[in-house]
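Asks: One file: work-v6.pdb (PDB, C-alpha atoms).
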```
ATOM      1  CA  MET A   1       0.000   0.000   0.000  1.00  0.00           C
ATOM      2  CA  ASP A   2       1.323   3.452  -0.905  1.00  0.00           C
ATOM      3  CA  PHE A   3       1.038   5.875   1.978  1.00  0.00           C
ATOM      4  CA  ARG A   4       1.000   9.636   1.715  1.00  0.00           C
ATOM      5  CA  MET A   5       3.340  10.971   4.416  1.00  0.00           C
ATOM      6  CA  ILE A   6       2.075  14.117   6.163  1.00  0.00           C
ATOM      7  CA  VAL A   7       4.625  15.565   8.581  1.00  0.00           C
ATOM      8  CA  GLY A   8       3.869  18.288  11.085  1.00  0.00           C
ATOM      9  CA  LEU A   9       6.921  20.055  12.477  1.00  0.00           C
ATOM     10  CA  GLY A  10       7.335  20.983  16.107  1.00  0.00           C
ATOM     11  CA  ASN A  11       9.222  20.217  19.304  1.00  0.00           C
ATOM     12  CA  PRO A  12       8.174  17.367  21.621  1.00  0.00           C
ATOM     13  CA  GLY A  13       7.004  17.965  25.162  1.00  0.00           C
ATOM     14  CA  ARG A  14       4.302  19.901  26.974  1.00  0.00           C
ATOM     15  CA  LYS A  15       6.379  23.030  27.419  1.00  0.00           C
ATOM     16  CA  TYR A  16       6.486  23.580  23.634  1.00  0.00           C
ATOM     17  CA  GLN A  17       2.897  22.554  22.892  1.00  0.00           C
ATOM     18  CA  GLN A  18       1.396  26.031  22.385  1.00  0.00           C
ATOM     19  CA  HIS A  19       4.441  27.654  20.753  1.00  0.00           C
ATOM     20  CA  ARG A  20       4.364  29.169  17.289  1.00  0.00           C
ATOM     21  CA  HIS A  21       7.016  26.669  16.155  1.00  0.00           C
ATOM     22  CA  ASN A  22       4.633  23.778  16.979  1.00  0.00           C
ATOM     23  CA  ILE A  23       1.860  24.740  14.593  1.00  0.00           C
ATOM     24  CA  GLY A  24       2.617  21.657  12.439  1.00  0.00           C
ATOM     25  CA  PHE A  25       1.989  19.340  15.400  1.00  0.00           C
ATOM     26  CA  ARG A  26      -1.224  21.194  16.231  1.00  0.00           C
ATOM     27  CA  VAL A  27      -2.591  20.804  12.690  1.00  0.00           C
ATOM     28  CA  LEU A  28      -2.041  17.033  12.741  1.00  0.00           C
ATOM     29  CA  GLU A  29      -3.493  16.694  16.249  1.00  0.00           C
ATOM     30  CA  ALA A  30      -6.622  18.645  15.244  1.00  0.00           C
ATOM     31  CA  TRP A  31      -7.022  16.582  12.074  1.00  0.00           C
ATOM     32  CA  ALA A  32      -6.609  13.271  13.916  1.00  0.00           C
ATOM     33  CA  GLU A  33      -9.179  14.383  16.492  1.00  0.00           C
ATOM     34  CA  ARG A  34     -11.665  15.578  13.874  1.00  0.00           C
ATOM     35  CA  GLU A  35     -11.402  12.304  11.941  1.00  0.00           C
ATOM     36  CA  GLN A  36     -11.336  10.209  15.145  1.00  0.00           C
ATOM     37  CA  MET A  37      -8.019   8.651  14.184  1.00  0.00           C
ATOM     38  CA  GLY A  38      -5.643   7.243  16.713  1.00  0.00           C
ATOM     39  CA  PRO A  39      -4.086   6.452  18.956  1.00  0.00           C
ATOM     40  CA  TRP A  40      -0.663   7.928  18.281  1.00  0.00           C
ATOM     41  CA  ARG A  41       2.162   5.372  18.446  1.00  0.00           C
ATOM     42  CA  SER A  42       5.942   5.580  18.327  1.00  0.00           C
ATOM     43  CA  SER A  43       7.853   4.656  15.186  1.00  0.00           C
ATOM     44  CA  CYS A  44      11.034   5.957  13.560  1.00  0.00           C
ATOM     45  CA  GLN A  45      11.651   8.604  16.233  1.00  0.00           C
ATOM     46  CA  ALA A  46       8.175  10.021  15.638  1.00  0.00           C
ATOM     47  CA  GLU A  47       4.628   9.812  16.908  1.00  0.00           C
ATOM     48  CA  ILE A  48       2.494   8.497  14.041  1.00  0.00           C
ATOM     49  CA  ILE A  49      -1.039   7.559  13.115  1.00  0.00           C
ATOM     50  CA  GLN A  50      -1.788   5.403  10.084  1.00  0.00           C
ATOM     51  CA  GLY A  51      -5.186   5.779   8.519  1.00  0.00           C
ATOM     52  CA  GLU A  52      -7.167   7.041   5.602  1.00  0.00           C
ATOM     53  CA  LEU A  53      -8.146  10.628   4.943  1.00  0.00           C
ATOM     54  CA  ALA A  54     -10.127  11.795   1.950  1.00  0.00           C
ATOM     55  CA  GLU A  55      -9.913   8.174   0.694  1.00  0.00           C
ATOM     56  CA  VAL A  56      -6.107   8.372   0.647  1.00  0.00           C
ATOM     57  CA  PRO A  57      -3.963   6.104   2.877  1.00  0.00           C
ATOM     58  CA  VAL A  58      -1.913   8.454   5.043  1.00  0.00           C
ATOM     59  CA  ILE A  59       0.617   8.509   7.812  1.00  0.00           C
ATOM     60  CA  LEU A  60       0.458  11.545  10.064  1.00  0.00           C
ATOM     61  CA  ALA A  61       3.876  12.027  11.674  1.00  0.00           C
ATOM     62  CA  LYS A  62       5.184  14.290  14.419  1.00  0.00           C
ATOM     63  CA  PRO A  63       9.002  13.885  14.611  1.00  0.00           C
ATOM     64  CA  GLN A  64      10.173  13.647  18.228  1.00  0.00           C
ATOM     65  CA  THR A  65      13.806  14.542  17.479  1.00  0.00           C
ATOM     66  CA  PHE A  66      13.321  18.274  18.118  1.00  0.00           C
ATOM     67  CA  MET A  67      12.974  20.718  15.259  1.00  0.00           C
ATOM     68  CA  ASN A  68      16.645  20.971  14.282  1.00  0.00           C
ATOM     69  CA  ARG A  69      16.879  17.196  13.719  1.00  0.00           C
ATOM     70  CA  SER A  70      13.488  16.551  12.092  1.00  0.00           C
ATOM     71  CA  GLY A  71      15.155  15.136   8.987  1.00  0.00           C
ATOM     72  CA  GLU A  72      16.486  12.120  10.893  1.00  0.00           C
ATOM     73  CA  SER A  73      12.966  10.965  11.713  1.00  0.00           C
ATOM     74  CA  VAL A  74      11.528  11.878   8.305  1.00  0.00           C
ATOM     75  CA  PHE A  75      14.285   9.912   6.530  1.00  0.00           C
ATOM     76  CA  LEU A  76      13.476   6.800   8.579  1.00  0.00           C
ATOM     77  CA  LEU A  77       9.721   7.205   7.987  1.00  0.00           C
ATOM     78  CA  LEU A  78      10.057   7.622   4.216  1.00  0.00           C
ATOM     79  CA  ARG A  79      12.265   4.541   4.026  1.00  0.00           C
ATOM     80  CA  LYS A  80      10.116   2.362   6.311  1.00  0.00           C
ATOM     81  CA  PHE A  81       6.829   3.169   4.584  1.00  0.00           C
ATOM     82  CA  ARG A  82       8.331   3.452   1.068  1.00  0.00           C
ATOM     83  CA  SER A  83       6.699   6.820   0.614  1.00  0.00           C
ATOM     84  CA  PRO A  84       8.061   9.017  -2.202  1.00  0.00           C
ATOM     85  CA  ILE A  85       9.368  12.389  -1.082  1.00  0.00           C
ATOM     86  CA  GLU A  86       7.535  14.144  -3.933  1.00  0.00           C
ATOM     87  CA  SER A  87       4.169  13.272  -2.389  1.00  0.00           C
ATOM     88  CA  MET A  88       5.159  14.105   1.202  1.00  0.00           C
ATOM     89  CA  ILE A  89       3.486  17.138   2.777  1.00  0.00           C
ATOM     90  CA  VAL A  90       5.341  19.054   5.495  1.00  0.00           C
ATOM     91  CA  ILE A  91       3.334  21.477   7.641  1.00  0.00           C
ATOM     92  CA  HIS A  92       5.371  24.213   9.317  1.00  0.00           C
ATOM     93  CA  ASP A  93       5.458  27.762  10.644  1.00  0.00           C
ATOM     94  CA  ASP A  94       6.833  30.500   8.415  1.00  0.00           C
ATOM     95  CA  LEU A  95       8.231  33.829   9.654  1.00  0.00           C
ATOM     96  CA  ASP A  96       8.138  35.312   6.147  1.00  0.00           C
ATOM     97  CA  LEU A  97       4.355  35.061   5.791  1.00  0.00           C
ATOM     98  CA  GLU A  98       1.908  37.406   7.486  1.00  0.00           C
ATOM     99  CA  ARG A  99       0.300  36.016  10.592  1.00  0.00           C
ATOM    100  CA  GLY A 100      -2.581  33.745   9.562  1.00  0.00           C
ATOM    101  CA  CYS A 101      -1.573  33.514   5.881  1.00  0.00           C
ATOM    102  CA  ILE A 102      -1.329  29.922   4.589  1.00  0.00           C
ATOM    103  CA  LYS A 103       0.503  29.000   1.386  1.00  0.00           C
ATOM    104  CA  LEU A 104       1.276  25.789  -0.484  1.00  0.00           C
ATOM    105  CA  LYS A 105       4.385  25.158  -2.539  1.00  0.00           C
ATOM    106  CA  GLN A 106       6.430  22.273  -3.927  1.00  0.00           C
ATOM    107  CA  GLY A 107      10.169  22.200  -3.381  1.00  0.00           C
ATOM    108  CA  GLY A 108      12.419  25.125  -2.630  1.00  0.00           C
ATOM    109  CA  GLY A 109      14.926  26.047   0.029  1.00  0.00           C
ATOM    110  CA  HIS A 110      14.683  26.101   3.795  1.00  0.00           C
ATOM    111  CA  GLY A 111      14.345  29.890   4.184  1.00  0.00           C
ATOM    112  CA  GLY A 112      16.218  29.734   7.489  1.00  0.00           C
ATOM    113  CA  HIS A 113      13.788  27.212   9.010  1.00  0.00           C
ATOM    114  CA  ASN A 114      15.929  24.641  10.814  1.00  0.00           C
ATOM    115  CA  GLY A 115      13.343  21.864  10.591  1.00  0.00           C
ATOM    116  CA  LEU A 116      13.167  22.246   6.810  1.00  0.00           C
ATOM    117  CA  ARG A 117      16.960  22.523   6.646  1.00  0.00           C
ATOM    118  CA  SER A 118      17.284  19.163   8.420  1.00  0.00           C
ATOM    119  CA  ILE A 119      14.725  17.457   6.158  1.00  0.00           C
ATOM    120  CA  ILE A 120      16.376  18.846   3.017  1.00  0.00           C
ATOM    121  CA  GLU A 121      19.832  17.705   4.188  1.00  0.00           C
ATOM    122  CA  GLN A 122      18.583  14.181   4.981  1.00  0.00           C
ATOM    123  CA  CYS A 123      15.977  13.608   2.265  1.00  0.00           C
ATOM    124  CA  GLY A 124      16.073  16.256  -0.464  1.00  0.00           C
ATOM    125  CA  ALA A 125      13.906  19.295  -1.147  1.00  0.00           C
ATOM    126  CA  ASP A 126      11.205  18.089  -3.542  1.00  0.00           C
ATOM    127  CA  PHE A 127       8.321  17.826  -1.076  1.00  0.00           C
ATOM    128  CA  ILE A 128       5.113  19.820  -0.666  1.00  0.00           C
ATOM    129  CA  ARG A 129       5.085  22.480   2.031  1.00  0.00           C
ATOM    130  CA  LEU A 130       2.081  23.922   3.793  1.00  0.00           C
ATOM    131  CA  ARG A 131       3.478  27.173   5.184  1.00  0.00           C
ATOM    132  CA  ILE A 132       1.549  28.794   8.016  1.00  0.00           C
ATOM    133  CA  GLY A 133       2.426  32.437   8.540  1.00  0.00           C
ATOM    134  CA  ILE A 134       3.353  33.532  12.038  1.00  0.00           C
ATOM    135  CA  GLY A 135       4.708  36.948  11.017  1.00  0.00           C
ATOM    136  CA  ARG A 136       8.044  38.451  11.972  1.00  0.00           C
ATOM    137  CA  PRO A 137       8.777  39.848  15.400  1.00  0.00           C
ATOM    138  CA  ASP A 138       9.716  43.497  15.740  1.00  0.00           C
ATOM    139  CA  GLU A 139      13.405  44.313  15.308  1.00  0.00           C
ATOM    140  CA  SER A 140      14.108  44.259  19.046  1.00  0.00           C
ATOM    141  CA  GLN A 141      13.135  40.577  19.345  1.00  0.00           C
ATOM    142  CA  ASP A 142      15.236  37.578  18.309  1.00  0.00           C
ATOM    143  CA  PRO A 143      13.320  35.396  15.803  1.00  0.00           C
ATOM    144  CA  ALA A 144      14.634  32.250  17.561  1.00  0.00           C
ATOM    145  CA  GLU A 145      12.935  33.410  20.765  1.00  0.00           C
ATOM    146  CA  TYR A 146       9.794  34.548  18.933  1.00  0.00           C
ATOM    147  CA  VAL A 147       9.056  31.106  17.435  1.00  0.00           C
ATOM    148  CA  LEU A 148       9.337  29.585  20.910  1.00  0.00           C
ATOM    149  CA  MET A 149       6.607  31.838  22.320  1.00  0.00           C
ATOM    150  CA  LYS A 150       2.880  31.210  22.530  1.00  0.00           C
ATOM    151  CA  PHE A 151       0.536  32.806  20.019  1.00  0.00           C
ATOM    152  CA  SER A 152      -0.631  36.214  21.211  1.00  0.00           C
ATOM    153  CA  ASP A 153      -4.179  35.406  20.010  1.00  0.00           C
ATOM    154  CA  PRO A 154      -5.098  31.755  20.780  1.00  0.00           C
ATOM    155  CA  ALA A 155      -8.430  32.048  18.908  1.00  0.00           C
ATOM    156  CA  GLU A 156      -6.609  33.180  15.768  1.00  0.00           C
ATOM    157  CA  ALA A 157      -4.210  30.227  16.118  1.00  0.00           C
ATOM    158  CA  ARG A 158      -7.123  27.765  16.434  1.00  0.00           C
ATOM    159  CA  GLU A 159      -8.749  29.244  13.318  1.00  0.00           C
ATOM    160  CA  GLY A 160      -5.450  28.934  11.413  1.00  0.00           C
ATOM    161  CA  VAL A 161      -5.136  25.291  12.458  1.00  0.00           C
ATOM    162  CA  LYS A 162      -8.684  24.568  11.265  1.00  0.00           C
ATOM    163  CA  ARG A 163      -8.036  26.272   7.893  1.00  0.00           C
ATOM    164  CA  ALA A 164      -4.769  24.332   7.482  1.00  0.00           C
ATOM    165  CA  VAL A 165      -6.595  21.022   8.069  1.00  0.00           C
ATOM    166  CA  ASP A 166      -9.169  21.969   5.423  1.00  0.00           C
ATOM    167  CA  ILE A 167      -6.429  22.927   2.941  1.00  0.00           C
ATOM    168  CA  VAL A 168      -4.512  19.654   3.366  1.00  0.00           C
ATOM    169  CA  GLU A 169      -7.710  17.658   2.982  1.00  0.00           C
ATOM    170  CA  TYR A 170      -8.544  19.583  -0.213  1.00  0.00           C
ATOM    171  CA  LEU A 171      -4.990  18.978  -1.441  1.00  0.00           C
ATOM    172  CA  LEU A 172      -5.378  15.211  -0.936  1.00  0.00           C
ATOM    173  CA  LEU A 173      -8.678  15.194  -2.833  1.00  0.00           C
ATOM    174  CA  HIS A 174      -7.803  17.533  -5.720  1.00  0.00           C
ATOM    175  CA  GLY A 175      -4.016  17.694  -6.084  1.00  0.00           C
ATOM    176  CA  LEU A 176      -1.482  20.454  -5.546  1.00  0.00           C
ATOM    177  CA  GLY A 177      -2.230  22.571  -8.623  1.00  0.00           C
ATOM    178  CA  GLU A 178      -5.952  22.799  -7.961  1.00  0.00           C
ATOM    179  CA  ALA A 179      -5.403  23.399  -4.236  1.00  0.00           C
ATOM    180  CA  MET A 180      -2.992  26.253  -4.986  1.00  0.00           C
ATOM    181  CA  ASN A 181      -5.461  27.799  -7.438  1.00  0.00           C
ATOM    182  CA  HIS A 182      -8.319  27.468  -4.981  1.00  0.00           C
ATOM    183  CA  PHE A 183      -6.589  28.806  -1.860  1.00  0.00           C
ATOM    184  CA  HIS A 184      -4.111  31.317  -3.324  1.00  0.00           C
ATOM    185  CA  SER A 185      -6.627  33.314  -5.352  1.00  0.00           C
TER     186      SER A 185
END
```
Could you show the structure in this file as structure tokens?
Replies:
Amino acid sequence: MDFRMIVGLGNPGRKYQQHRHNIGFRVLEAWAEREQMGPWRSSCQAEIIQGELAEVPVILAKPQTFMNRSGESVFLLLRKFRSPIESMIVIHDDLDLERGCIKLKQGGGHGGHNGLRSIIEQCGADFIRLRIGIGRPDESQDPAEYVLMKFSDPAEAREGVKRAVDIVEYLLLHGLGEAMNHFHS
């Protein structure tokens, strides 16, 4: 069976749970809850759920290696489940997008995101990204500290998570090109 790998980026542990950098984990958790999937289990240095979403066999994965080493887990997952990198979807925060903006793209660089950097170094760059904008901090604040802070508006974060789930589901049903046309217009 060919699985579609959907990876949410974040850091493991309760203390990071509500941080901006953990938005990828939150999207997968919300999706799994909505679809009554579960339970999460450990495999390949990740917490995973195998199931079917939008009639597509999927593996939802939350690497437990910490953000900067996400590629180690993703490499093991892709190999174990024989999932092609081109069909993998990685959900992550993005400082370069306005807060609440969500964009899809295939391939590209890491843009300074250490989780993406690790995945690209371990696996290559030709995967689909769902980029969730968290905005840039003001000039007095270090971006590394900013991503490890809670969202200033929890309701806005919950709405962004819900929209991201809807976008990934649409992507699975209709493909990347149609999803980009539908959500980027």
Asks: So that each row is one residue of range 3-65 of chain A with an atom at most 10 Å from range 113-116 of chain A, can you give its shortest atom pair and the distance in Å to one decimal, using all atoms listed in the file, rows by chain and rising number, as a Markdown table?
Replies:
```
| residue | atom | partner | partner_atom | distance |
| --- | --- | --- | --- | --- |
| A:Leu9 | CA | A:Gly115 | CA | 6.9 |
| A:Gly10 | CA | A:Gly115 | CA | 8.2 |
| A:Asn11 | CA | A:Gly115 | CA | 9.8 |
| A:His21 | CA | A:Gly115 | CA | 9.7 |
| A:Pro63 | CA | A:Gly115 | CA | 9.9 |
```
Asks: Could you spell out the hits of the PyMOL selection byres ((chain A and resi 81) around 12) on the shown file, as a ChimeraX atom specification?
Replies: /A:1-5,43-44,48,50,57-61,74-80,82-85,88
Asks: Write a file of the selected residues as a PDB file, in the frame of the given file, keeping C-alpha atoms.
Replies:
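Just written: out.pdb:
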```pdb
ATOM      1  CA  MET A   1       0.000   0.000   0.000  1.00  0.00           C
ATOM      2  CA  ASP A   2       1.323   3.452  -0.905  1.00  0.00           C
ATOM      3  CA  PHE A   3       1.038   5.875   1.978  1.00  0.00           C
ATOM      4  CA  ARG A   4       1.000   9.636   1.715  1.00  0.00           C
ATOM      5  CA  MET A   5       3.340  10.971   4.416  1.00  0.00           C
ATOM      6  CA  SER A  43       7.853   4.656  15.186  1.00  0.00           C
ATOM      7  CA  CYS A  44      11.034   5.957  13.560  1.00  0.00           C
ATOM      8  CA  ILE A  48       2.494   8.497  14.041  1.00  0.00           C
ATOM      9  CA  GLN A  50      -1.788   5.403  10.084  1.00  0.00           C
ATOM     10  CA  PRO A  57      -3.963   6.104   2.877  1.00  0.00           C
ATOM     11  CA  VAL A  58      -1.913   8.454   5.043  1.00  0.00           C
ATOM     12  CA  ILE A  59       0.617   8.509   7.812  1.00  0.00           C
ATOM     13  CA  LEU A  60       0.458  11.545  10.064  1.00  0.00           C
ATOM     14  CA  ALA A  61       3.876  12.027  11.674  1.00  0.00           C
ATOM     15  CA  VAL A  74      11.528  11.878   8.305  1.00  0.00           C
ATOM     16  CA  PHE A  75      14.285   9.912   6.530  1.00  0.00           C
ATOM     17  CA  LEU A  76      13.476   6.800   8.579  1.00  0.00           C
ATOM     18  CA  LEU A  77       9.721   7.205   7.987  1.00  0.00           C
ATOM     19  CA  LEU A  78      10.057   7.622   4.216  1.00  0.00           C
ATOM     20  CA  ARG A  79      12.265   4.541   4.026  1.00  0.00           C
ATOM     21  CA  LYS A  80      10.116   2.362   6.311  1.00  0.00           C
ATOM     22  CA  ARG A  82       8.331   3.452   1.068  1.00  0.00           C
ATOM     23  CA  SER A  83       6.699   6.820   0.614  1.00  0.00           C
ATOM     24  CA  PRO A  84       8.061   9.017  -2.202  1.00  0.00           C
ATOM     25  CA  ILE A  85       9.368  12.389  -1.082  1.00  0.00           C
ATOM     26  CA  MET A  88       5.159  14.105   1.202  1.00  0.00           C
TER      27      MET A  88
END
```
Asks: I'd like to know which of A:Ile132, A:Val147, A:Val168, A:Leu176 is closest to Asp93 in chain A, using only C-alpha atoms.
Replies: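 Answer, going by the shortest atom-to-atom distance: A:Ile132.
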Asks: Calculate how many Å separate CA of Arg14 in chain A from CA of Asp142 in chain A, rounding to one decimal.
Replies: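 Separating CA of Arg14 in chain A from CA of Asp142 in chain A is a distance of 22.5 Å.
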Asks: Tell me, counting only C-alpha atoms, for each residue of range 108-136 of chain A within 10 Å of range 143-146 of chain A, which pair of atoms is nearest and how far apart they are in Å to one decimal, in rows ordered by chain and increasing number, as a Markdown table.
Replies:
```
| residue | atom | partner | partner_atom | distance |
| --- | --- | --- | --- | --- |
| A:His113 | CA | A:Ala144 | CA | 10.0 |
| A:Ile134 | CA | A:Tyr146 | CA | 9.5 |
| A:Gly135 | CA | A:Tyr146 | CA | 9.7 |
| A:Arg136 | CA | A:Pro143 | CA | 7.2 |
```
Asks: Got a sec: who's within 9 Å of Arg131 in chain A, counting all atoms listed in the file, leaving out chain neighbours fewer than 3 positions off, as number ranges by chain?
Replies: A: 90-94, 97, 101-105
Asks: Kindly compute an axis-aligned box around the listed atoms of range 117-128 of chain A, allowing 6 Å on each side, and express its centre and edge lengths in Å to one decimal as JSON.
Replies:
```
{"center_x": 12.5, "center_y": 18.1, "center_z": 2.4, "size_x": 26.7, "size_y": 20.9, "size_z": 24.0}
```
Asks: Rounded to one decimal, what separation in Å do you get between CA of Asp138 in chain A and CA of Ala157 in chain A?
Replies: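 Atom-to-atom, CA of Asp138 in chain A and CA of Ala157 in chain A are spaced 19.2 Å apart.
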Asks: Would you kindly return, as a list in words, each protein, DNA or RNA residue with an atom no farther than 6 Å from any atom of Gly107 in chain A, considering all atoms listed in the file and excluding same-chain residues fewer than 6 positions away?
Replies: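 Everything that qualifies: Ala125, Asp126 and Phe127 of chain A.
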Asks: Using Å and a single decimal, report how far CA of Glu55 in chain A sits from CA of His182 in chain A.
Replies: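 Distance reported for this atom pair: 20.2 Å.
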Asks: Could you check the closest approach to Ala54 in chain A for each of A:Pro12, A:Gly111, A:Gly175, A:Gly100 and tell me which residue wins, using only C-alpha atoms?
Replies: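 Going through A:Pro12, A:Gly111, A:Gly175, A:Gly100 one by one, the smallest distance to Ala54 in chain A is for A:Gly175.
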Asks: Tell me which residues the PyMOL selection byres ((chain A and resi 27) around 9) grabs here, as a VMD selection string.
Replies: chain A and resid 8 22 to 26 28 to 32 91 160 to 162 164 to 165
